[in-house]
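Comments concern the structure below.
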Amino acid sequence: MSGPFHPSRHLVAAMSQSASIGVIANPSAGRDVRRLVSWASVVPHAEKVNTVLRLLCAGACLGLEQAWLIPDASGLGARVLEKVRAAQAAGELRLPQVRLLPMASSDSVEDSRAAAAALRAMGVAAIAVLGGDGTHRAVAQGCGDIPLLTLSTGTNNAFPRLREPTLAGMALGLYLRGQVPEAIALQRNKVLRVRGADGEAIALVDVVVSRQRAVGARAVYSADDLHSVYVAFAQANAIGLSSIAAYLQPVDRAQPWGAQVELGEGRELLAPLLPGVLQTVRVGRVQRLLPGRAQPLPAVHGTLAFDGEREWTLDPLRPPTIELALDGPRTLAVEAILDYAGAHGLLLGGR
């Protein structure tokens, strides 16, 4: 992986003259071990390419002028660029100018994090993200206050919304034109912030203490391994570890608190932890997680999973702390933008 990307003066100048966005499409999203133990779908590269093209076409009709794509070893970004150039040469569709970010690809999640930081330095107006919870978490670690347009193409998709990219592109274009007030167009999200001997990390949806002592294949998919669950939000229409809290103490994205669940002896809950798979979880105490109050995680041997993937090994002598924060990434509220456009006739021509 190359070092941090610093945009040249001519790139910054070019961006200041147009409505520009970044597009981070993770080619590896939705291809982890959970595909082997459940009925999760695989979004093929061809569909991801089409998703980006529909987003760009709709956005270009409403003011999107330039898009920067992340390069990747699979050639997904290059394929989008090829199709855009072919359509522009034929004069068939209105599309923005598309370029690849001048950065090396390591074919890992670090690419998403590095691309977000580069796009932030370039000053793009928004970043469209194609992936699951893990991809969006990586982008959130590098994007700063640049708003995200979330598109679901992963395994567990609690944070990104499942939506038609044409509508997402319309909302993006309306936002870029400044026709929708930011109070309506943007939503501030919660995060779970963990601090410990390994440094600091965030989760957008959930942090789970697992009894598994090794990171291994990373993905958490067995209820037998769970010790406790902490969620920023938990809604019953999501699949994954946050569903445990969703069927005990639902928490909306907009509510200024989270929840924590202690597992072990207690009631049995049937929860959709994986696509097509319901597992029995024994739950004990459930309580609210209030913002701004750091508390120690359980002093146990095991691992810590962020948004479904194990990353930290726990030392019971030095347990990390967890805190719910209300200063997470901003996201485009697609449905609210389109509702506002309809109510105020923003798509009407003439006087």
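Simple scheme: letters A, B, ... for chains in structure tokens order, numbers from 1 for residues in each chain, numbers from 1 for ligands in the order shown.
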*asked:* Can you pull out the residues contacting Gly308 (chain A)? Cut-off 12 Å, using only C-alpha atoms, and skip same-chain residues under 4 positions away; I want them as a PyMOL selection string.
replied: chain A and resi 32-34+132-135+137+154-159+203-210+215+217-222+226+229-231+239-243+273-274+303-304
Please save N, CA and C atoms of the selected residues as a compact mmCIF listing (two decimals), in the first residue's frame.
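Writing the result to result_13.txt gives the following:
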# COMPACT_ATOMS: atom_id res chain seq x y z
N ASP A 32 -17.09 -12.94 2.56
CA ASP A 32 -16.39 -13.52 3.69
C ASP A 32 -16.92 -14.93 4.00
N VAL A 33 -16.44 -15.49 5.13
CA VAL A 33 -16.75 -16.88 5.47
C VAL A 33 -18.24 -17.10 5.73
N ARG A 34 -18.99 -16.04 6.02
CA ARG A 34 -20.42 -16.20 6.28
C ARG A 34 -21.16 -16.72 5.05
N GLY A 132 -20.80 -3.43 2.75
CA GLY A 132 -21.57 -3.75 3.94
C GLY A 132 -21.12 -2.90 5.12
N ASP A 133 -21.42 -3.37 6.32
CA ASP A 133 -21.08 -2.62 7.52
C ASP A 133 -19.58 -2.41 7.64
N GLY A 134 -18.78 -3.43 7.30
CA GLY A 134 -17.34 -3.32 7.44
C GLY A 134 -16.75 -2.28 6.50
N THR A 135 -17.21 -2.25 5.26
CA THR A 135 -16.71 -1.26 4.30
C THR A 135 -17.07 0.15 4.74
N ARG A 137 -17.65 1.17 7.72
CA ARG A 137 -16.85 1.51 8.90
C ARG A 137 -15.47 1.98 8.50
N GLY A 154 -23.11 -5.71 0.88
CA GLY A 154 -22.31 -6.60 1.72
C GLY A 154 -23.11 -7.78 2.24
N THR A 155 -22.60 -8.39 3.33
CA THR A 155 -23.27 -9.51 3.97
C THR A 155 -24.28 -8.99 4.99
N ASN A 156 -23.77 -8.40 6.06
CA ASN A 156 -24.63 -7.73 7.04
C ASN A 156 -24.71 -6.25 6.67
N ASN A 157 -25.90 -5.77 6.44
CA ASN A 157 -26.09 -4.42 5.92
C ASN A 157 -27.03 -3.63 6.83
N ALA A 158 -26.66 -3.54 8.11
CA ALA A 158 -27.48 -2.77 9.04
C ALA A 158 -27.27 -1.28 8.85
N PHE A 159 -26.02 -0.85 8.62
CA PHE A 159 -25.75 0.58 8.47
C PHE A 159 -26.12 1.09 7.08
N ALA A 203 -17.12 1.57 15.87
CA ALA A 203 -18.07 0.70 15.20
C ALA A 203 -19.30 1.53 14.89
N LEU A 204 -19.88 1.31 13.74
CA LEU A 204 -21.07 2.06 13.33
C LEU A 204 -22.35 1.42 13.85
N VAL A 205 -22.33 0.10 14.06
CA VAL A 205 -23.54 -0.62 14.46
C VAL A 205 -23.34 -1.31 15.80
N ASP A 206 -22.39 -2.25 15.88
CA ASP A 206 -22.25 -3.05 17.10
C ASP A 206 -20.81 -3.39 17.42
N VAL A 207 -20.58 -3.58 18.70
CA VAL A 207 -19.32 -4.12 19.23
C VAL A 207 -19.69 -5.37 20.03
N VAL A 208 -19.01 -6.48 19.76
CA VAL A 208 -19.35 -7.76 20.39
C VAL A 208 -18.12 -8.34 21.06
N VAL A 209 -18.30 -8.77 22.30
CA VAL A 209 -17.26 -9.52 23.00
C VAL A 209 -17.50 -11.00 22.69
N SER A 210 -16.50 -11.62 22.04
CA SER A 210 -16.61 -13.02 21.63
C SER A 210 -15.70 -13.88 22.50
N VAL A 215 -8.47 -14.17 16.37
CA VAL A 215 -9.21 -13.40 15.36
C VAL A 215 -9.66 -14.32 14.24
N ALA A 217 -10.85 -16.16 11.07
CA ALA A 217 -11.47 -15.69 9.83
C ALA A 217 -12.25 -14.40 10.03
N ARG A 218 -12.15 -13.84 11.24
CA ARG A 218 -12.70 -12.52 11.57
C ARG A 218 -14.22 -12.52 11.77
N ALA A 219 -14.98 -13.00 10.81
CA ALA A 219 -16.44 -12.88 10.89
C ALA A 219 -16.99 -13.65 12.09
N VAL A 220 -17.94 -13.02 12.79
CA VAL A 220 -18.64 -13.67 13.91
C VAL A 220 -19.97 -14.19 13.39
N TYR A 221 -20.20 -15.49 13.53
CA TYR A 221 -21.43 -16.03 12.97
C TYR A 221 -22.09 -17.09 13.86
N SER A 222 -21.50 -17.40 15.01
CA SER A 222 -22.07 -18.42 15.89
C SER A 222 -22.52 -17.81 17.21
N LEU A 226 -20.75 -15.88 21.70
CA LEU A 226 -21.04 -14.52 22.15
C LEU A 226 -21.02 -14.39 23.67
N VAL A 229 -23.08 -7.93 23.85
CA VAL A 229 -23.31 -7.14 22.63
C VAL A 229 -23.61 -5.70 23.00
N TYR A 230 -22.97 -4.76 22.31
CA TYR A 230 -23.21 -3.33 22.49
C TYR A 230 -23.62 -2.76 21.13
N VAL A 231 -24.70 -1.97 21.10
CA VAL A 231 -25.19 -1.47 19.81
C VAL A 231 -25.38 0.05 19.87
N ILE A 239 -30.40 -7.73 9.66
CA ILE A 239 -29.84 -9.04 9.97
C ILE A 239 -28.44 -8.85 10.54
N GLY A 240 -28.09 -9.64 11.52
CA GLY A 240 -26.76 -9.54 12.09
C GLY A 240 -26.81 -9.52 13.61
N LEU A 241 -25.67 -9.23 14.22
CA LEU A 241 -25.56 -9.28 15.67
C LEU A 241 -26.42 -8.24 16.37
N SER A 242 -26.66 -7.10 15.71
CA SER A 242 -27.50 -6.07 16.33
C SER A 242 -28.95 -6.52 16.49
N SER A 243 -29.35 -7.56 15.75
CA SER A 243 -30.73 -8.04 15.85
C SER A 243 -31.02 -8.61 17.24
N LEU A 273 -29.17 -13.98 12.90
CA LEU A 273 -27.77 -13.56 12.92
C LEU A 273 -27.12 -13.62 11.54
N LEU A 274 -27.67 -14.45 10.65
CA LEU A 274 -27.14 -14.61 9.30
C LEU A 274 -28.30 -14.69 8.32
N THR A 303 -12.05 -12.17 22.09
CA THR A 303 -11.76 -11.19 21.05
C THR A 303 -12.89 -10.17 20.98
N LEU A 304 -12.58 -9.05 20.37
CA LEU A 304 -13.54 -7.97 20.22
C LEU A 304 -13.85 -7.80 18.74
Could you build a table of the residues in region 85-172 of chain A lying no more than 6 Å from region 310-334 of chain A, giving for each the nearest pair of atoms and their separation in Å rounded to one decimal place, using only C-alpha atoms, ordered by chain and ascending residue number, as CSV?
residue,atom,partner,partner_atom,distance
A:Pro147,CA,A:Arg330,CA,4.7
A:Leu148,CA,A:Thr331,CA,4.5
A:Leu149,CA,A:Leu332,CA,5.4
A:Ala171,CA,A:Val334,CA,5.4
*Residues within 10 Å of Ile244 (chain A), only C-alpha atoms, excluding chain neighbours under 3 positions, as a ChimeraX atom specification*: /A:223,229-231,234-236,239-241,247-250,260-261,263,269-273,279-283
*Could you pull out all residues of region 29-103 of chain A with a DSSP call of helix (DSSP H, G or I) and give them as a ChimeraX atom specification?*
/A:34-37,45-60,76-90
Keeping N, CA and C atoms, export the residues of the selection given above as an mmCIF file, in the first residue's frame.
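Okay, this is what ended up in result_4.cif:
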data_model
loop_
_atom_site.group_PDB
_atom_site.id
_atom_site.type_symbol
_atom_site.label_atom_id
_atom_site.label_comp_id
_atom_site.auth_asym_id
_atom_site.auth_seq_id
_atom_site.Cartn_x
_atom_site.Cartn_y
_atom_site.Cartn_z
ATOM 1 N N ARG A 34 -18.989 -16.037 6.023
ATOM 2 C CA ARG A 34 -20.419 -16.202 6.281
ATOM 3 C C ARG A 34 -21.164 -16.718 5.054
ATOM 4 N N ARG A 35 -20.564 -16.593 3.859
ATOM 5 C CA ARG A 35 -21.165 -17.169 2.663
ATOM 6 C C ARG A 35 -21.187 -18.702 2.726
ATOM 7 N N LEU A 36 -20.298 -19.288 3.526
ATOM 8 C CA LEU A 36 -20.187 -20.745 3.603
ATOM 9 C C LEU A 36 -21.110 -21.348 4.647
ATOM 10 N N VAL A 37 -21.629 -20.519 5.554
ATOM 11 C CA VAL A 37 -22.441 -21.051 6.651
ATOM 12 C C VAL A 37 -23.860 -20.485 6.640
ATOM 13 N N HIS A 45 -19.562 -8.632 -9.628
ATOM 14 C CA HIS A 45 -18.917 -7.391 -10.049
ATOM 15 C C HIS A 45 -19.747 -6.654 -11.105
ATOM 16 N N ALA A 46 -20.362 -7.416 -12.011
ATOM 17 C CA ALA A 46 -21.145 -6.779 -13.069
ATOM 18 C C ALA A 46 -22.284 -5.947 -12.488
ATOM 19 N N GLU A 47 -22.904 -6.448 -11.417
ATOM 20 C CA GLU A 47 -24.000 -5.704 -10.792
ATOM 21 C C GLU A 47 -23.467 -4.479 -10.053
ATOM 22 N N LYS A 48 -22.293 -4.600 -9.442
ATOM 23 C CA LYS A 48 -21.701 -3.435 -8.782
ATOM 24 C C LYS A 48 -21.364 -2.349 -9.804
ATOM 25 N N VAL A 49 -20.860 -2.762 -10.953
ATOM 26 C CA VAL A 49 -20.583 -1.798 -12.030
ATOM 27 C C VAL A 49 -21.859 -1.094 -12.451
ATOM 28 N N ASN A 50 -22.933 -1.862 -12.649
ATOM 29 C CA ASN A 50 -24.213 -1.275 -13.053
ATOM 30 C C ASN A 50 -24.768 -0.350 -11.972
ATOM 31 N N THR A 51 -24.558 -0.714 -10.710
ATOM 32 C CA THR A 51 -25.023 0.129 -9.608
ATOM 33 C C THR A 51 -24.337 1.490 -9.655
ATOM 34 N N VAL A 52 -23.030 1.490 -9.862
ATOM 35 C CA VAL A 52 -22.292 2.756 -9.948
ATOM 36 C C VAL A 52 -22.758 3.566 -11.150
ATOM 37 N N LEU A 53 -22.970 2.914 -12.285
ATOM 38 C CA LEU A 53 -23.393 3.619 -13.494
ATOM 39 C C LEU A 53 -24.775 4.249 -13.320
ATOM 40 N N ARG A 54 -25.702 3.542 -12.691
ATOM 41 C CA ARG A 54 -27.033 4.117 -12.464
ATOM 42 C C ARG A 54 -26.943 5.321 -11.530
ATOM 43 N N LEU A 55 -26.109 5.208 -10.510
ATOM 44 C CA LEU A 55 -25.897 6.318 -9.581
ATOM 45 C C LEU A 55 -25.342 7.538 -10.313
ATOM 46 N N LEU A 56 -24.331 7.330 -11.156
ATOM 47 C CA LEU A 56 -23.683 8.433 -11.862
ATOM 48 C C LEU A 56 -24.607 9.069 -12.898
ATOM 49 N N CYS A 57 -25.357 8.242 -13.615
ATOM 50 C CA CYS A 57 -26.274 8.776 -14.631
ATOM 51 C C CYS A 57 -27.336 9.673 -14.001
ATOM 52 N N ALA A 58 -27.952 9.192 -12.930
ATOM 53 C CA ALA A 58 -28.996 9.976 -12.271
ATOM 54 C C ALA A 58 -28.413 11.244 -11.666
ATOM 55 N N GLY A 59 -27.237 11.130 -11.062
ATOM 56 C CA GLY A 59 -26.614 12.304 -10.473
ATOM 57 C C GLY A 59 -26.244 13.341 -11.506
ATOM 58 N N ALA A 60 -25.762 12.891 -12.675
ATOM 59 C CA ALA A 60 -25.353 13.815 -13.725
ATOM 60 C C ALA A 60 -26.527 14.620 -14.265
ATOM 61 N N LEU A 76 -12.771 -3.368 -11.010
ATOM 62 C CA LEU A 76 -14.137 -2.849 -10.976
ATOM 63 C C LEU A 76 -14.175 -1.370 -11.380
ATOM 64 N N GLY A 77 -13.286 -0.571 -10.796
ATOM 65 C CA GLY A 77 -13.251 0.855 -11.123
ATOM 66 C C GLY A 77 -12.897 1.091 -12.580
ATOM 67 N N ALA A 78 -11.932 0.327 -13.093
ATOM 68 C CA ALA A 78 -11.528 0.471 -14.491
ATOM 69 C C ALA A 78 -12.674 0.108 -15.434
ATOM 70 N N ARG A 79 -13.479 -0.883 -15.038
ATOM 71 C CA ARG A 79 -14.618 -1.293 -15.867
ATOM 72 C C ARG A 79 -15.676 -0.179 -15.919
ATOM 73 N N VAL A 80 -15.920 0.470 -14.792
ATOM 74 C CA VAL A 80 -16.857 1.598 -14.783
ATOM 75 C C VAL A 80 -16.340 2.703 -15.694
ATOM 76 N N LEU A 81 -15.063 3.019 -15.573
ATOM 77 C CA LEU A 81 -14.462 4.069 -16.391
ATOM 78 C C LEU A 81 -14.574 3.743 -17.874
ATOM 79 N N GLU A 82 -14.348 2.493 -18.240
ATOM 80 C CA GLU A 82 -14.454 2.062 -19.634
ATOM 81 C C GLU A 82 -15.863 2.258 -20.177
ATOM 82 N N LYS A 83 -16.868 1.874 -19.385
ATOM 83 C CA LYS A 83 -18.244 2.005 -19.839
ATOM 84 C C LYS A 83 -18.676 3.473 -19.920
ATOM 85 N N VAL A 84 -18.206 4.283 -18.991
ATOM 86 C CA VAL A 84 -18.535 5.710 -19.034
ATOM 87 C C VAL A 84 -17.974 6.347 -20.292
ATOM 88 N N ARG A 85 -16.728 6.055 -20.600
ATOM 89 C CA ARG A 85 -16.099 6.638 -21.789
ATOM 90 C C ARG A 85 -16.781 6.180 -23.066
ATOM 91 N N ALA A 86 -17.188 4.906 -23.115
ATOM 92 C CA ALA A 86 -17.880 4.393 -24.298
ATOM 93 C C ALA A 86 -19.227 5.086 -24.477
ATOM 94 N N ALA A 87 -19.962 5.284 -23.375
ATOM 95 C CA ALA A 87 -21.260 5.950 -23.458
ATOM 96 C C ALA A 87 -21.099 7.410 -23.843
ATOM 97 N N GLN A 88 -20.069 8.073 -23.329
ATOM 98 C CA GLN A 88 -19.843 9.483 -23.681
ATOM 99 C C GLN A 88 -19.444 9.623 -25.142
ATOM 100 N N ALA A 89 -18.644 8.697 -25.649
ATOM 101 C CA ALA A 89 -18.231 8.742 -27.044
ATOM 102 C C ALA A 89 -19.418 8.542 -27.986
ATOM 103 N N ALA A 90 -20.352 7.705 -27.560
ATOM 104 C CA ALA A 90 -21.537 7.449 -28.381
ATOM 105 C C ALA A 90 -22.600 8.523 -28.216
#
*Check the smallest atom-to-atom distance from each of A:Leu162, A:Val300, A:Ile70, A:Val180 to Val98 (chain A) using only C-alpha atoms, then report the winner.*
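Comparing A:Leu162, A:Val300, A:Ile70, A:Val180 against Val98 (chain A), the winner is A:Ile70.
Closest approach to Lys190 (chain A) among A:Arg99, A:Pro291, A:Pro298, A:Glu268 is made by A:Pro291 (distances from only C-alpha atoms).
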*Using only C-alpha atoms, find the one residue out of A:Arg195, A:Arg94, A:Arg285, A:Arg120 that sits nearest to Leu64 (chain A).*
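Closest residue, counting only C-alpha atoms: A:Arg94.
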*Could you pull the residues within 7 Å of Leu69 (chain A), counting only C-alpha atoms, minus those fewer than 5 positions along the same chain, as a VMD selection string?*
chain A and resid 22 to 24 77 99 to 101
Next, write the just-selected residues to a file, as an mmCIF file, in the first residue's frame, keeping C-alpha atoms as the atom set.
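again_13.cif, freshly written:
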data_model
loop_
_atom_site.group_PDB
_atom_site.id
_atom_site.type_symbol
_atom_site.label_atom_id
_atom_site.label_comp_id
_atom_site.auth_asym_id
_atom_site.auth_seq_id
_atom_site.Cartn_x
_atom_site.Cartn_y
_atom_site.Cartn_z
ATOM 1 C CA GLY A 22 -15.890 10.050 -4.589
ATOM 2 C CA VAL A 23 -17.116 6.499 -5.166
ATOM 3 C CA ILE A 24 -15.710 3.701 -3.012
ATOM 4 C CA GLY A 77 -13.251 0.855 -11.123
ATOM 5 C CA ARG A 99 -11.314 9.448 -13.029
ATOM 6 C CA LEU A 100 -9.450 6.886 -10.955
ATOM 7 C CA LEU A 101 -7.776 8.050 -7.758
#
*region 340-349 of chain A: which residues within 12 Å, counting only C-alpha atoms, same-chain residues fewer than 6 positions away excluded, as an MDAnalysis selection string?*
chainID A and resid 61:62 167 170:175 177:185 333:334
Keeping only N, CA and C atoms, write those residues as a PDB file, in the first residue's frame.
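Result file is selection-v8.pdb:
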ATOM      1  N   CYS A  61     -27.715  14.052 -14.260  1.00  0.00           N
ATOM      2  CA  CYS A  61     -28.900  14.777 -14.730  1.00  0.00           C
ATOM      3  C   CYS A  61     -29.249  15.944 -13.812  1.00  0.00           C
ATOM      4  N   LEU A  62     -28.710  15.920 -12.579  1.00  0.00           N
ATOM      5  CA  LEU A  62     -29.060  16.953 -11.609  1.00  0.00           C
ATOM      6  C   LEU A  62     -27.834  17.711 -11.100  1.00  0.00           C
ATOM      7  N   LEU A 167     -32.382   6.347  -7.513  1.00  0.00           N
ATOM      8  CA  LEU A 167     -32.957   7.281  -6.556  1.00  0.00           C
ATOM      9  C   LEU A 167     -31.865   7.903  -5.684  1.00  0.00           C
ATOM     10  N   MET A 170     -30.308  10.621  -7.699  1.00  0.00           N
ATOM     11  CA  MET A 170     -31.159  11.810  -7.735  1.00  0.00           C
ATOM     12  C   MET A 170     -30.996  12.635  -6.466  1.00  0.00           C
ATOM     13  N   ALA A 171     -31.033  11.961  -5.321  1.00  0.00           N
ATOM     14  CA  ALA A 171     -30.875  12.665  -4.046  1.00  0.00           C
ATOM     15  C   ALA A 171     -29.498  13.318  -3.962  1.00  0.00           C
ATOM     16  N   LEU A 172     -28.494  12.630  -4.455  1.00  0.00           N
ATOM     17  CA  LEU A 172     -27.144  13.177  -4.452  1.00  0.00           C
ATOM     18  C   LEU A 172     -27.078  14.452  -5.292  1.00  0.00           C
ATOM     19  N   GLY A 173     -27.651  14.401  -6.496  1.00  0.00           N
ATOM     20  CA  GLY A 173     -27.644  15.582  -7.362  1.00  0.00           C
ATOM     21  C   GLY A 173     -28.360  16.767  -6.740  1.00  0.00           C
ATOM     22  N   LEU A 174     -29.506  16.515  -6.126  1.00  0.00           N
ATOM     23  CA  LEU A 174     -30.255  17.593  -5.472  1.00  0.00           C
ATOM     24  C   LEU A 174     -29.453  18.193  -4.322  1.00  0.00           C
ATOM     25  N   TYR A 175     -28.733  17.336  -3.591  1.00  0.00           N
ATOM     26  CA  TYR A 175     -27.905  17.843  -2.497  1.00  0.00           C
ATOM     27  C   TYR A 175     -26.760  18.691  -3.039  1.00  0.00           C
ATOM     28  N   ARG A 177     -26.671  20.428  -5.675  1.00  0.00           N
ATOM     29  CA  ARG A 177     -27.185  21.711  -6.171  1.00  0.00           C
ATOM     30  C   ARG A 177     -27.583  22.650  -5.049  1.00  0.00           C
ATOM     31  N   GLY A 178     -27.557  22.165  -3.824  1.00  0.00           N
ATOM     32  CA  GLY A 178     -27.903  23.019  -2.692  1.00  0.00           C
ATOM     33  C   GLY A 178     -29.374  23.365  -2.607  1.00  0.00           C
ATOM     34  N   GLN A 179     -30.218  22.516  -3.189  1.00  0.00           N
ATOM     35  CA  GLN A 179     -31.655  22.816  -3.211  1.00  0.00           C
ATOM     36  C   GLN A 179     -32.398  22.279  -1.988  1.00  0.00           C
ATOM     37  N   VAL A 180     -31.730  21.489  -1.194  1.00  0.00           N
ATOM     38  CA  VAL A 180     -32.363  20.916  -0.012  1.00  0.00           C
ATOM     39  C   VAL A 180     -31.570  21.362   1.218  1.00  0.00           C
ATOM     40  N   PRO A 181     -32.231  21.929   2.218  1.00  0.00           N
ATOM     41  CA  PRO A 181     -31.511  22.368   3.424  1.00  0.00           C
ATOM     42  C   PRO A 181     -30.750  21.212   4.065  1.00  0.00           C
ATOM     43  N   GLU A 182     -29.555  21.516   4.580  1.00  0.00           N
ATOM     44  CA  GLU A 182     -28.735  20.467   5.190  1.00  0.00           C
ATOM     45  C   GLU A 182     -29.438  19.805   6.374  1.00  0.00           C
ATOM     46  N   ALA A 183     -30.270  20.560   7.070  1.00  0.00           N
ATOM     47  CA  ALA A 183     -30.984  19.993   8.215  1.00  0.00           C
ATOM     48  C   ALA A 183     -31.885  18.841   7.785  1.00  0.00           C
ATOM     49  N   ILE A 184     -32.305  18.851   6.528  1.00  0.00           N
ATOM     50  CA  ILE A 184     -33.149  17.779   5.982  1.00  0.00           C
ATOM     51  C   ILE A 184     -32.299  16.761   5.229  1.00  0.00           C
ATOM     52  N   ALA A 185     -31.293  17.242   4.494  1.00  0.00           N
ATOM     53  CA  ALA A 185     -30.529  16.384   3.594  1.00  0.00           C
ATOM     54  C   ALA A 185     -29.540  15.477   4.312  1.00  0.00           C
ATOM     55  N   ALA A 333     -29.665  11.648   3.677  1.00  0.00           N
ATOM     56  CA  ALA A 333     -30.996  11.100   3.954  1.00  0.00           C
ATOM     57  C   ALA A 333     -31.773  11.061   2.642  1.00  0.00           C
ATOM     58  N   VAL A 334     -31.564  10.010   1.858  1.00  0.00           N
ATOM     59  CA  VAL A 334     -32.095   9.929   0.498  1.00  0.00           C
ATOM     60  C   VAL A 334     -33.605  10.110   0.468  1.00  0.00           C
TER      61      VAL A 334
END
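For Leu290 (chain A), the non-local neighbours within 8 Å, defined as residues at least 3 positions apart in the same chain or in other chains and counting only C-alpha atoms, are Pro256, Trp257, Gly258, Ala259, Arg293 and Leu324 of chain A.
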I need the chosen residues saved as a compact mmCIF listing (two decimals), in the first residue's frame, with C-alpha atoms.
# COMPACT_ATOMS: atom_id res chain seq x y z
CA PRO A 256 -29.62 9.57 21.54
CA TRP A 257 -28.76 6.31 23.26
CA GLY A 258 -27.74 2.73 22.48
CA ALA A 259 -28.14 -0.61 24.23
CA ARG A 293 -20.05 7.63 29.48
CA LEU A 324 -21.42 5.75 22.77
*Quick one, how far is CA of Gln97 (chain A) from CA of Val124 (chain A)?*
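Calculated distance between CA of Gln97 (chain A) and CA of Val124 (chain A) is 13.8 Å.
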*Select, from A:Gly144, A:Pro296, A:Gly123, A:Pro275, the residue with the minimum atom-to-atom distance to Val194 (chain A), counting only C-alpha atoms.*
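Checking each candidate against Val194 (chain A), we get A:Pro296 as the closest.
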*as an MDAnalysis selection string, list the residues of region 55-297 of chain A assigned to strand (DSSP E or B) by DSSP on the backbone atoms of this structure.*
chainID A and resid 66:69 97:100 126:131 148:152 186:188 191:196 199:203 206:210 219 226:231 234 251 258:274 277:289 291 295:296
